[in-house]
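Have a look at run07.tsv; it's TSV, C-alpha atoms:
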chain	number	residue	atom	x	y	z
A	1	MET	CA	170.31	119.24	110.32
A	2	THR	CA	170.38	117.95	113.86
A	3	GLY	CA	168.21	115.31	115.42
A	4	HIS	CA	167.06	117.68	118.18
A	5	LYS	CA	163.37	117.38	118.94
A	6	GLU	CA	161.40	120.15	120.64
A	7	LYS	CA	159.74	119.42	123.96
A	8	ARG	CA	155.99	118.80	123.79
A	9	ASN	CA	153.57	120.98	125.70
A	10	PHE	CA	150.29	119.73	127.15
A	11	SER	CA	147.04	121.22	125.90
A	12	ALA	CA	145.16	123.30	128.48
A	13	LYS	CA	142.85	120.61	129.91
A	14	MET	CA	145.64	118.10	130.47
A	15	ARG	CA	148.27	120.63	131.56
A	16	ASP	CA	146.33	121.32	134.75
A	17	ALA	CA	146.45	117.65	135.72
A	18	ASN	CA	150.21	117.45	135.15
A	19	SER	CA	151.50	120.88	136.21
A	20	ALA	CA	153.32	119.62	139.31
A	21	PHE	CA	155.45	117.28	137.21
A	22	LEU	CA	156.46	119.62	134.39
A	23	PRO	CA	159.96	121.15	134.22
A	24	ALA	CA	160.38	124.42	136.09
A	25	GLY	CA	160.49	127.65	134.14
A	26	SER	CA	163.73	129.53	133.68
A	27	THR	CA	162.85	132.18	136.26
A	28	GLN	CA	161.54	131.29	139.69
A	29	SER	CA	160.71	134.09	142.15
A	30	GLU	CA	161.00	133.83	145.90
A	31	PRO	CA	157.96	132.26	147.60
A	32	THR	CA	155.32	134.72	148.78
A	33	HIS	CA	155.13	134.62	152.59
A	34	VAL	CA	151.68	134.35	154.20
A	35	GLY	CA	150.95	134.78	157.90
A	36	PHE	CA	147.78	133.32	159.43
A	37	ILE	CA	146.83	135.05	162.69
A	38	LEU	CA	144.89	132.59	164.86
A	39	GLN	CA	142.38	134.14	167.24
A	40	LYS	CA	141.11	132.10	170.17
A	41	HIS	CA	138.25	129.81	169.00
A	42	PHE	CA	139.13	130.38	165.33
A	43	SER	CA	137.24	128.24	162.81
A	44	MET	CA	139.42	125.21	162.15
A	45	MET	CA	137.53	124.36	158.97
A	46	ALA	CA	137.93	127.86	157.52
A	47	PHE	CA	141.60	128.03	158.51
A	48	THR	CA	142.47	124.66	156.99
A	49	ALA	CA	140.58	125.55	153.79
A	50	ALA	CA	142.71	128.68	153.40
A	51	VAL	CA	145.95	126.84	154.19
A	52	ASP	CA	144.99	124.00	151.85
A	53	ALA	CA	144.86	126.42	148.94
A	54	VAL	CA	148.38	127.65	149.73
A	55	VAL	CA	149.80	124.15	150.24
A	56	THR	CA	148.17	122.83	147.08
A	57	ALA	CA	149.56	125.77	145.10
A	58	ASN	CA	153.01	124.49	146.04
A	59	LEU	CA	152.07	120.92	145.15
A	60	VAL	CA	150.98	121.80	141.61
A	61	ASN	CA	154.16	123.72	140.86
A	62	THR	CA	157.68	122.40	140.47
A	63	SER	CA	159.08	124.96	142.93
A	64	PRO	CA	157.33	126.46	146.01
A	65	LEU	CA	155.13	129.48	145.34
A	66	PHE	CA	154.31	130.21	148.98
A	67	SER	CA	155.65	129.84	152.49
A	68	TYR	CA	153.39	130.32	155.48
A	69	GLU	CA	153.42	130.61	159.23
A	70	THR	CA	150.86	130.71	162.01
A	71	LEU	CA	150.85	133.55	164.55
A	72	ALA	CA	149.24	133.54	167.97
A	73	LEU	CA	148.00	136.44	170.05
A	74	ASP	CA	149.72	136.44	173.46
A	75	SER	CA	150.28	132.69	173.86
A	76	SER	CA	150.56	129.37	172.06
A	77	PRO	CA	149.03	126.87	171.40
A	78	VAL	CA	145.77	128.43	170.24
A	79	ILE	CA	142.51	126.56	170.78
A	80	SER	CA	140.18	126.28	167.79
A	81	ASP	CA	136.39	126.08	167.70
A	82	LEU	CA	136.72	122.28	167.69
A	83	GLY	CA	138.77	122.24	170.86
A	84	ILE	CA	141.86	121.23	168.87
A	85	GLU	CA	144.96	123.23	169.77
A	86	ILE	CA	147.38	124.53	167.15
A	87	ALA	CA	150.95	125.36	168.12
A	88	ALA	CA	151.76	128.69	166.47
A	89	ASP	CA	155.08	129.36	164.77
A	90	SER	CA	155.41	132.71	166.55
A	91	ILE	CA	153.61	134.87	169.07
A	92	ILE	CA	152.51	138.47	168.58
A	93	ASN	CA	153.20	140.60	171.63
A	94	ASP	CA	154.33	144.11	172.48
A	95	THR	CA	157.98	143.19	171.92
A	96	SER	CA	157.36	141.58	168.52
A	97	SER	CA	159.41	142.98	165.65
A	98	HIS	CA	157.25	144.50	162.93
A	99	LYS	CA	160.15	145.01	160.53
A	100	ASN	CA	159.84	141.76	158.57
A	101	LEU	CA	156.13	141.16	158.29
A	102	PRO	CA	154.68	138.60	155.87
A	103	GLU	CA	153.60	139.94	152.50
A	104	ILE	CA	150.08	138.70	153.25
A	105	LEU	CA	148.35	138.61	156.65
A	106	ILE	CA	145.11	136.68	157.17
A	107	ILE	CA	143.18	137.06	160.45
A	108	CYS	CA	141.36	133.82	161.21
A	109	GLY	CA	138.09	134.31	163.08
A	110	GLY	CA	135.28	132.04	164.14
A	111	PHE	CA	131.78	131.89	165.60
A	112	ARG	CA	132.98	132.41	169.18
A	113	CYS	CA	135.90	134.75	168.51
A	114	SER	CA	135.93	138.00	170.44
A	115	THR	CA	134.64	141.11	168.68
A	116	GLY	CA	136.58	143.38	171.01
A	117	VAL	CA	139.77	145.31	170.34
A	118	HIS	CA	143.06	143.51	170.87
A	119	PRO	CA	145.64	146.32	171.39
A	120	THR	CA	148.67	144.32	170.24
A	121	LEU	CA	146.92	143.04	167.13
A	122	ASN	CA	145.63	146.53	166.45
A	123	LYS	CA	149.16	147.91	166.53
A	124	LEU	CA	150.46	145.14	164.26
A	125	LEU	CA	147.76	145.66	161.65
A	126	LYS	CA	148.33	149.41	161.51
A	127	GLU	CA	152.05	148.85	160.98
A	128	ALA	CA	151.29	146.25	158.31
A	129	ALA	CA	149.09	148.79	156.50
A	130	LYS	CA	152.00	151.27	156.46
A	131	GLN	CA	154.18	148.59	154.85
A	132	GLY	CA	151.59	147.85	152.17
A	133	VAL	CA	150.87	144.33	153.41
A	134	ILE	CA	147.85	142.65	151.81
A	135	MET	CA	145.42	141.77	154.61
A	136	GLY	CA	142.38	139.56	154.87
A	137	GLY	CA	139.82	138.36	157.36
A	138	ILE	CA	138.18	134.94	157.59
A	139	TRP	CA	134.71	134.50	159.16
A	140	ASN	CA	134.73	137.61	161.40
A	141	GLY	CA	138.45	138.30	161.10
A	142	ALA	CA	137.58	141.52	159.26
A	143	ILE	CA	136.41	142.97	162.58
A	144	ALA	CA	140.04	143.31	163.68
A	145	LEU	CA	140.77	145.22	160.48
A	146	ALA	CA	137.79	147.47	161.15
A	147	HIS	CA	138.98	148.17	164.72
A	148	ALA	CA	142.31	149.28	163.26
A	149	GLY	CA	140.52	151.68	160.92
A	150	LEU	CA	141.70	149.75	157.87
A	151	LEU	CA	138.25	149.18	156.37
A	152	ASP	CA	136.92	152.74	156.51
A	153	LYS	CA	135.11	153.58	153.23
A	154	LEU	CA	135.67	149.99	152.08
A	155	SER	CA	133.44	146.92	151.80
A	156	CYS	CA	133.96	143.68	153.66
A	157	ALA	CA	132.41	140.24	154.17
A	158	VAL	CA	131.78	138.68	157.57
A	159	HIS	CA	129.69	135.83	158.91
A	160	PRO	CA	125.96	136.76	158.94
A	161	ASP	CA	125.94	136.50	162.74
A	162	ASN	CA	128.21	139.57	162.86
A	163	HIS	CA	126.39	141.78	160.35
A	164	ALA	CA	124.36	143.68	162.96
A	165	PHE	CA	127.45	144.32	165.08
A	166	MET	CA	129.48	145.54	162.10
A	167	ARG	CA	126.80	147.94	160.89
A	168	GLU	CA	126.22	149.35	164.36
A	169	ARG	CA	129.85	149.60	165.44
A	170	PHE	CA	131.50	150.62	162.16
A	171	PRO	CA	129.22	152.98	160.19
A	172	HIS	CA	132.05	153.95	157.83
A	173	VAL	CA	132.49	150.32	156.71
A	174	THR	CA	130.15	148.73	154.16
A	175	THR	CA	129.14	145.27	155.37
A	176	SER	CA	128.45	143.29	152.22
A	177	ASP	CA	125.97	140.46	151.74
A	178	GLN	CA	128.54	138.77	149.50
A	179	VAL	CA	130.42	135.78	150.92
A	180	PHE	CA	133.76	137.11	149.67
A	181	VAL	CA	134.88	140.70	149.04
A	182	ARG	CA	138.08	142.18	147.62
A	183	ASP	CA	138.29	145.95	148.11
A	184	ASN	CA	141.60	147.63	147.51
A	185	ASN	CA	144.22	145.40	149.16
A	186	ARG	CA	141.78	144.11	151.78
A	187	LEU	CA	140.12	140.71	151.41
A	188	SER	CA	137.41	139.18	153.58
A	189	CYS	CA	135.12	136.18	153.56
A	190	ALA	CA	132.23	134.82	155.61
A	191	GLY	CA	133.06	131.17	156.24
A	192	PRO	CA	134.97	127.98	155.32
A	193	ILE	CA	133.94	127.58	151.68
A	194	SER	CA	134.48	131.24	150.88
A	195	ALA	CA	137.85	131.07	152.70
A	196	LEU	CA	139.04	128.66	150.03
A	197	GLU	CA	137.64	130.86	147.26
A	198	MET	CA	139.25	133.96	148.76
A	199	MET	CA	142.67	132.33	148.85
A	200	LEU	CA	142.25	130.95	145.32
A	201	TYR	CA	141.42	134.44	144.11
A	202	LEU	CA	144.50	135.83	145.86
A	203	ILE	CA	146.75	133.08	144.47
A	204	GLY	CA	145.38	133.78	141.00
A	205	GLU	CA	146.12	137.49	141.36
A	206	ILE	CA	149.75	136.69	142.16
A	207	HIS	CA	150.50	133.69	139.95
A	208	GLY	CA	147.80	133.62	137.27
A	209	LYS	CA	144.73	131.58	136.41
A	210	ALA	CA	146.65	128.49	135.28
A	211	ILE	CA	147.66	127.81	138.89
A	212	ILE	CA	144.03	128.15	140.01
A	213	ARG	CA	142.89	125.62	137.42
A	214	ALA	CA	145.57	123.20	138.58
A	215	ILE	CA	144.56	123.62	142.24
A	216	ARG	CA	140.90	123.06	141.40
A	217	GLU	CA	141.87	119.94	139.48
A	218	ILE	CA	142.93	118.48	142.85
A	219	LEU	CA	140.50	120.08	145.30
A	220	SER	CA	137.22	119.99	143.35
A	221	CYS	CA	137.05	116.26	142.58
A	222	ASP	CA	134.19	115.73	145.04
A	223	GLN	CA	132.32	118.97	144.50
A	224	VAL	CA	128.65	118.48	145.33
A	225	SER	CA	126.08	119.29	142.69
A	226	GLU	CA	122.29	119.52	142.87
A	227	SER	CA	122.06	115.87	141.88
A	228	SER	CA	121.66	113.36	144.70
A	229	ASP	CA	123.85	110.97	142.71
A	230	ILE	CA	127.18	112.40	143.84
A	231	ARG	CA	130.29	111.07	142.15
A	232	LEU	CA	133.82	112.24	141.49
A	233	ASN	CA	134.11	115.16	139.07
A	234	GLN	CA	136.13	114.58	135.91
A	235	VAL	CA	136.98	116.64	132.84
A	236	ILE	CA	134.23	114.88	130.90
A	237	ASP	CA	131.64	116.17	133.42
A	238	ASP	CA	132.12	119.78	132.31
A	239	PRO	CA	128.58	120.85	131.30
A	240	CYS	CA	130.04	123.52	129.02
A	241	LEU	CA	131.39	120.86	126.67
A	242	PRO	CA	129.11	119.48	123.90
A	243	GLU	CA	127.59	116.08	124.63
A	244	LYS	CA	129.19	114.37	121.62
A	245	LEU	CA	132.61	115.65	122.63
A	246	ARG	CA	132.14	114.32	126.16
A	247	GLU	CA	131.09	110.97	124.72
A	248	VAL	CA	134.30	110.73	122.71
A	249	MET	CA	136.40	111.80	125.71
A	250	SER	CA	134.64	109.19	127.85
A	251	LEU	CA	135.41	106.47	125.29
A	252	MET	CA	139.05	107.53	125.25
A	253	ALA	CA	139.27	107.40	129.05
A	254	ALA	CA	137.71	103.92	129.07
A	255	ASN	CA	140.11	102.60	126.43
A	256	ILE	CA	143.59	103.54	127.58
A	257	GLU	CA	145.31	100.16	127.26
A	258	GLU	CA	143.98	99.48	123.78
A	259	PRO	CA	143.39	102.87	122.08
A	260	ILE	CA	140.53	103.15	119.60
A	261	SER	CA	141.15	104.69	116.19
A	262	ALA	CA	139.80	108.15	115.38
A	263	GLU	CA	137.43	106.69	112.80
A	264	GLU	CA	135.99	104.14	115.23
A	265	LEU	CA	135.57	106.74	117.98
A	266	SER	CA	133.57	108.92	115.61
A	267	GLU	CA	131.43	106.03	114.45
A	268	LEU	CA	130.64	104.98	118.02
A	269	VAL	CA	129.19	108.40	118.86
A	270	GLY	CA	127.48	108.86	115.49
A	271	ILE	CA	129.44	111.72	113.95
A	272	SER	CA	132.10	112.06	111.25
A	273	ARG	CA	135.81	112.19	111.94
A	274	ARG	CA	135.87	115.76	110.67
A	275	GLN	CA	133.13	116.73	113.13
A	276	THR	CA	135.12	115.12	115.95
A	277	GLU	CA	138.21	117.11	114.99
A	278	ARG	CA	136.20	120.34	114.93
A	279	LEU	CA	134.72	119.62	118.36
A	280	PHE	CA	138.16	119.11	119.90
A	281	GLN	CA	139.70	122.11	118.19
A	282	HIS	CA	136.84	124.50	119.01
A	283	ASN	CA	136.33	123.45	122.64
A	284	LEU	CA	139.74	122.16	123.78
A	285	GLU	CA	142.07	123.85	121.27
A	286	THR	CA	143.73	120.56	120.45
A	287	SER	CA	143.29	117.57	118.15
A	288	PRO	CA	141.67	114.25	119.14
A	289	SER	CA	144.95	112.37	118.67
A	290	ARG	CA	146.91	114.80	120.81
A	291	TYR	CA	144.31	114.74	123.58
A	292	TYR	CA	144.25	110.93	123.52
A	293	LEU	CA	148.06	110.76	123.75
A	294	GLU	CA	148.10	113.24	126.64
A	295	LEU	CA	145.40	111.24	128.41
A	296	ARG	CA	147.47	108.08	128.08
A	297	ILE	CA	150.77	109.71	129.12
A	298	THR	CA	149.02	111.18	132.18
A	299	HIS	CA	147.68	107.73	133.05
A	300	ALA	CA	151.21	106.36	132.65
A	301	ARG	CA	152.70	109.09	134.84
A	302	ARG	CA	150.31	108.21	137.66
A	303	LEU	CA	151.17	104.52	137.44
A	304	LEU	CA	154.88	105.28	137.23
A	305	LEU	CA	154.94	107.43	140.36
A	306	GLN	CA	152.29	105.63	142.42
A	307	THR	CA	153.09	101.97	141.76
A	308	ASN	CA	156.14	99.74	141.58
A	309	ASP	CA	155.06	98.09	138.33
A	310	SER	CA	157.73	97.75	135.63
A	311	ILE	CA	158.11	100.48	133.05
A	312	THR	CA	157.39	97.92	130.33
A	313	ASN	CA	154.06	96.96	131.92
A	314	ILE	CA	153.16	100.60	132.46
A	315	ALA	CA	153.87	101.36	128.82
A	316	LEU	CA	151.60	98.51	127.70
A	317	ALA	CA	148.88	99.43	130.21
A	318	SER	CA	148.91	102.97	128.78
A	319	GLY	CA	148.55	101.92	125.16
A	320	PHE	CA	152.13	102.39	123.96
A	321	VAL	CA	153.42	99.90	121.41
A	322	SER	CA	156.92	99.78	122.90
A	323	THR	CA	158.91	100.86	125.93
A	324	SER	CA	161.14	103.07	123.79
A	325	HIS	CA	158.13	104.90	122.32
A	326	PHE	CA	156.73	105.44	125.81
A	327	SER	CA	160.09	106.65	127.16
A	328	ASN	CA	160.49	109.14	124.32
A	329	CYS	CA	156.97	110.51	124.77
A	330	TYR	CA	157.40	110.77	128.54
A	331	LYS	CA	160.67	112.66	128.18
A	332	ASP	CA	159.17	114.95	125.54
A	333	TYR	CA	156.40	115.99	127.94
A	334	PHE	CA	158.04	115.88	131.35
A	335	GLY	CA	161.66	116.62	130.52
A	336	VAL	CA	163.01	113.44	132.15
A	337	SER	CA	162.95	109.76	131.30
A	338	PRO	CA	160.52	107.43	133.12
A	339	THR	CA	163.48	105.82	134.90
A	340	LEU	CA	164.77	109.15	136.23
A	341	ALA	CA	161.26	110.30	137.17
A	342	ARG	CA	160.83	107.16	139.28
A	343	GLU	CA	164.23	107.65	140.92
A	344	LYS	CA	163.28	111.22	141.87
A	345	ARG	CA	160.05	109.95	143.43
So that I can check it, write out the structure of this file as C-alpha cells.
Amino acid sequence: MTGHKEKRNFSAKMRDANSAFLPAGSTQSEPTHVGFILQKHFSMMAFTAAVDAVVTANLVNTSPLFSYETLALDSSPVISDLGIEIAADSIINDTSSHKNLPEILIICGGFRCSTGVHPTLNKLLKEAAKQGVIMGGIWNGAIALAHAGLLDKLSCAVHPDNHAFMRERFPHVTTSDQVFVRDNNRLSCAGPISALEMMLYLIGEIHGKAIIRAIREILSCDQVSESSDIRLNQVIDDPCLPEKLREVMSLMAANIEEPISAEELSELVGISRRQTERLFQHNLETSPSRYYLELRITHARRLLLQTNDSITNIALASGFVSTSHFSNCYKDYFGVSPTLAREKR
C-alpha cells in the first residue's frame, strides 16, 4: 500500500465560492471570443452588466473562458448615454475584414440610439449570420438584427419604448413582452438587468450551470429583496433551505475559530444529531462535518490570499488544531500548499 491520499472535492454549495482557486481540469478549450458592438449613445449600465458577466466568468475559473473586444461603428471613441466615451478595440467600416469574426456578437443599444439602418453594420451582421455567429441585442440592439432580416419569424426583446416601432416596422418579427428572449441562435434583452441575465444564460449554455452558480456567488451578494432591511445575501439566506438547517449553518459560520461539536450544534437548534445529518444530506448532499470543514477552509483561503497574517495564525483563526493539519487540508482541496498559494498570489 502507498500513502497516497485522494484530493478532496468541495460539496456543491461551497464549490461555487471556491471555484476560481481549484486546480484546472485536464482539458482546457480555447476562450470563446465575444464582440460588443457599441452604438452611439449605448447604455453604459447595460453594456457593463454584460461585460461583467464575461469578466467574472474568467475570474471564477482557473483558466480564461472568454476573451472580448469592443467594436465601434465608423469611429472611436464611442460616446455612451452617460456622456462617457469608450475607446473601441476596432472599428467596423467598409474595409473591415469579415473573415475572423467573434463567435458571439452583441449589439449594445440604448434609449437614444438610432433606430435607422446602418449599412456597414447591416453588411457585417448578414455575413456573421452566414458564418453561424451567435448574435444578441441589448436594449434596442435587436433593431439592427431586424434591419438585417435576421429576426424574421423569430421573437425578440427590446426596451418598451421601442415596442411600437418594432411592431410597425417589422411585422414578420414577434416583439415579446419578456425582458429576455432566446430564439434560435439570436438573443435579445430589454435593459441593464436583463443584459446580465442574458449573458449568464449564454455562458451557462456554453460552460454549464456550475459556472453560473459561481458567478452569481460573486455578483448577487447585494441583491435587493422585497424587504426594506437590505443586507448582504449569504448561503444561509436561501429560502429554499429548512429553517433548522439554516440555523445550524448560521451557528457554524459564527463559530469558525472555535468549532462547535455536532451534538452541541443540534442541541442549540433543538433537534437530534441524526436529524441534523438528514437535513444536510437531503438539502446539501453532504454531511455536517464536511460542510463545517469546507466553511472553515474557505474562510482560511480568504485570509491567506487577502491578508499578510502568518499561516499559523490563519490556521488557528480558522479552527485548525495545528498548522500541519491546516496545510494538509488546504492542499487536499486546492492542490497546493498554503505557502505556495500565497506565493502565487
- Quick one: residues within 12 Å of Leu154 of chain A, only C-alpha atoms counted, chain neighbours fewer than 6 positions away excluded, as a list of chain:residue names?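 Everything that qualifies: A:Ala142, A:Leu145, A:Ala146, A:Phe170, A:Pro171, A:His172, A:Val173, A:Thr174, A:Thr175, A:Ser176, A:Val181, A:Arg182, A:Asp183, A:Asn184, A:Asn185, A:Arg186, A:Leu187, A:Ser188.
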- Message: Just checking: using all atoms listed in the file, which residue out of A:Ala148, A:Leu241, A:Leu316, A:Ile297 ends up closest to His282 of chain A?
- Response: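 Distance minimum relative to His282 of chain A lands on A:Leu241.
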Near segment 40-52 of chain A, counting only C-alpha atoms, which residues have an atom at most 7 Å away, once you skip same-chain residues fewer than 4 positions from it, shown as a short mmCIF file (atom, residue, chain, number, x, y, z; two decimals) with C-alpha atoms, in the frame of the given file?
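This went into around-v4.cif:
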data_model
loop_
_atom_site.label_atom_id
_atom_site.label_comp_id
_atom_site.auth_asym_id
_atom_site.auth_seq_id
_atom_site.Cartn_x
_atom_site.Cartn_y
_atom_site.Cartn_z
CA THR A 56 148.17 122.83 147.08
CA VAL A 78 145.77 128.43 170.24
CA ILE A 79 142.51 126.56 170.78
CA SER A 80 140.18 126.28 167.79
CA ASP A 81 136.39 126.08 167.70
CA LEU A 82 136.72 122.28 167.69
CA CYS A 108 141.36 133.82 161.21
CA GLY A 109 138.09 134.31 163.08
CA GLY A 110 135.28 132.04 164.14
CA ARG A 112 132.98 132.41 169.18
CA CYS A 113 135.90 134.75 168.51
CA GLY A 191 133.06 131.17 156.24
CA PRO A 192 134.97 127.98 155.32
CA ALA A 195 137.85 131.07 152.70
CA LEU A 196 139.04 128.66 150.03
CA MET A 199 142.67 132.33 148.85
#
- Query: With all atoms listed in the file as the atoms that count, which of A:Lys123, A:His33, A:Arg246, A:Arg8 lies nearest to Gly335 of chain A?
  - Reply: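 So, comparing all the options, the nearest one is A:Arg8.
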- Please, what distance in Å, to one decimal, runs between atom CA of Gln306 of chain A and atom CA of Leu340 of chain A?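 Atom CA of Gln306 of chain A sits 14.4 Å away from atom CA of Leu340 of chain A.
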- Task: Point out the residue among A:Ile206, A:Ile86, A:Ile92, A:Val55 with the least atom-to-atom distance to Leu71 of chain A, counting all atoms listed in the file.
- Result: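 Nearest to Leu71 of chain A: A:Ile92.
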- Work out how far apart atom CA of Tyr291 of chain A and atom CA of Asp238 of chain A are and give it in Å to one decimal.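 Distance between the two atoms: 15.8 Å.
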- Using all atoms listed in the file: which of A:Ala129, A:Ile37, A:Leu279, A:Ala317 has the shortest distance to Asn255 of chain A: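 Among the listed residues, the smallest separation from Asn255 of chain A belongs to A:Ala317.
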- Task: Find, counting only C-alpha atoms, the residue in A:Gly83, A:Asn93, A:Leu38, A:Val54 that gets nearest to Ile203 of chain A.
- Result: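 Going through A:Gly83, A:Asn93, A:Leu38, A:Val54 one by one, the smallest distance to Ile203 of chain A is for A:Val54.
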- Message: Tell me which residues come within 9 Å of (141.2, 104.8, 124.9), as an NGL selection string, counting only C-alpha atoms in the file's coordinates.
- Response: :A and (249-261 or 292 or 295-296 or 318-319)
- What separates atom CA of Leu22 of chain A and atom CA of Phe334 of chain A is a distance of 5.1 Å
If we count all atoms listed in the file, what is near Asn283 of chain A at a cut-off of 9 Å, once residues fewer than 2 positions away on the same chain are taken out, given as a CSV table (one decimal) with C-alpha atoms, in the frame of the given file?
chain,number,residue,atom,x,y,z
A,240,CYS,CA,130.0,123.5,129.0
A,241,LEU,CA,131.4,120.9,126.7
A,242,PRO,CA,129.1,119.5,123.9
A,245,LEU,CA,132.6,115.6,122.6
A,278,ARG,CA,136.2,120.3,114.9
A,279,LEU,CA,134.7,119.6,118.4
A,280,PHE,CA,138.2,119.1,119.9
A,281,GLN,CA,139.7,122.1,118.2
A,285,GLU,CA,142.1,123.8,121.3
A,286,THR,CA,143.7,120.6,120.4
- Item | Counting all atoms listed in the file, the option among A:Tyr68, A:Phe21, A:Trp139, A:Tyr330 closest to Ala88 of chain A |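 Under the stated criterion, the closest residue is A:Tyr68.
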Place N, CA and C atoms on segment 159-177 of chain A and deliver the coordinates as a PDB file, keeping the file's coordinate frame.
ATOM      1  N   HIS A 159     130.756 136.795 158.661  1.00  0.00           N
ATOM      2  CA  HIS A 159     129.690 135.830 158.910  1.00  0.00           C
ATOM      3  C   HIS A 159     128.381 136.569 159.206  1.00  0.00           C
ATOM      4  N   PRO A 160     127.246 136.079 158.718  1.00  0.00           N
ATOM      5  CA  PRO A 160     125.960 136.760 158.940  1.00  0.00           C
ATOM      6  C   PRO A 160     125.678 137.074 160.408  1.00  0.00           C
ATOM      7  N   ASP A 161     126.172 136.255 161.311  1.00  0.00           N
ATOM      8  CA  ASP A 161     125.940 136.500 162.740  1.00  0.00           C
ATOM      9  C   ASP A 161     126.551 137.809 163.203  1.00  0.00           C
ATOM     10  N   ASN A 162     127.517 138.344 162.456  1.00  0.00           N
ATOM     11  CA  ASN A 162     128.210 139.570 162.860  1.00  0.00           C
ATOM     12  C   ASN A 162     127.770 140.803 162.078  1.00  0.00           C
ATOM     13  N   HIS A 163     126.806 140.648 161.175  1.00  0.00           N
ATOM     14  CA  HIS A 163     126.390 141.780 160.350  1.00  0.00           C
ATOM     15  C   HIS A 163     125.841 142.929 161.193  1.00  0.00           C
ATOM     16  N   ALA A 164     124.965 142.628 162.131  1.00  0.00           N
ATOM     17  CA  ALA A 164     124.360 143.680 162.960  1.00  0.00           C
ATOM     18  C   ALA A 164     125.426 144.432 163.733  1.00  0.00           C
ATOM     19  N   PHE A 165     126.364 143.690 164.318  1.00  0.00           N
ATOM     20  CA  PHE A 165     127.450 144.320 165.080  1.00  0.00           C
ATOM     21  C   PHE A 165     128.278 145.236 164.183  1.00  0.00           C
ATOM     22  N   MET A 166     128.653 144.746 163.001  1.00  0.00           N
ATOM     23  CA  MET A 166     129.480 145.540 162.100  1.00  0.00           C
ATOM     24  C   MET A 166     128.787 146.838 161.700  1.00  0.00           C
ATOM     25  N   ARG A 167     127.505 146.755 161.361  1.00  0.00           N
ATOM     26  CA  ARG A 167     126.800 147.940 160.890  1.00  0.00           C
ATOM     27  C   ARG A 167     126.556 148.959 162.000  1.00  0.00           C
ATOM     28  N   GLU A 168     126.416 148.463 163.215  1.00  0.00           N
ATOM     29  CA  GLU A 168     126.220 149.350 164.360  1.00  0.00           C
ATOM     30  C   GLU A 168     127.534 149.983 164.809  1.00  0.00           C
ATOM     31  N   ARG A 169     128.563 149.161 164.877  1.00  0.00           N
ATOM     32  CA  ARG A 169     129.850 149.600 165.440  1.00  0.00           C
ATOM     33  C   ARG A 169     130.717 150.348 164.449  1.00  0.00           C
ATOM     34  N   PHE A 170     130.614 150.014 163.162  1.00  0.00           N
ATOM     35  CA  PHE A 170     131.500 150.620 162.160  1.00  0.00           C
ATOM     36  C   PHE A 170     130.680 151.211 161.010  1.00  0.00           C
ATOM     37  N   PRO A 171     130.079 152.370 161.209  1.00  0.00           N
ATOM     38  CA  PRO A 171     129.220 152.980 160.190  1.00  0.00           C
ATOM     39  C   PRO A 171     129.960 153.396 158.916  1.00  0.00           C
ATOM     40  N   HIS A 172     131.281 153.530 158.997  1.00  0.00           N
ATOM     41  CA  HIS A 172     132.050 153.950 157.830  1.00  0.00           C
ATOM     42  C   HIS A 172     132.534 152.745 157.001  1.00  0.00           C
ATOM     43  N   VAL A 173     132.135 151.546 157.436  1.00  0.00           N
ATOM     44  CA  VAL A 173     132.490 150.320 156.710  1.00  0.00           C
ATOM     45  C   VAL A 173     131.226 149.748 156.079  1.00  0.00           C
ATOM     46  N   THR A 174     131.283 149.365 154.833  1.00  0.00           N
ATOM     47  CA  THR A 174     130.150 148.730 154.160  1.00  0.00           C
ATOM     48  C   THR A 174     130.198 147.229 154.394  1.00  0.00           C
ATOM     49  N   THR A 175     129.220 146.711 155.124  1.00  0.00           N
ATOM     50  CA  THR A 175     129.140 145.270 155.370  1.00  0.00           C
ATOM     51  C   THR A 175     128.353 144.637 154.233  1.00  0.00           C
ATOM     52  N   SER A 176     129.047 143.851 153.435  1.00  0.00           N
ATOM     53  CA  SER A 176     128.450 143.290 152.220  1.00  0.00           C
ATOM     54  C   SER A 176     127.672 142.012 152.517  1.00  0.00           C
ATOM     55  N   ASP A 177     126.685 141.731 151.671  1.00  0.00           N
ATOM     56  CA  ASP A 177     125.970 140.460 151.740  1.00  0.00           C
ATOM     57  C   ASP A 177     126.658 139.378 150.910  1.00  0.00           C
TER      58      ASP A 177
END
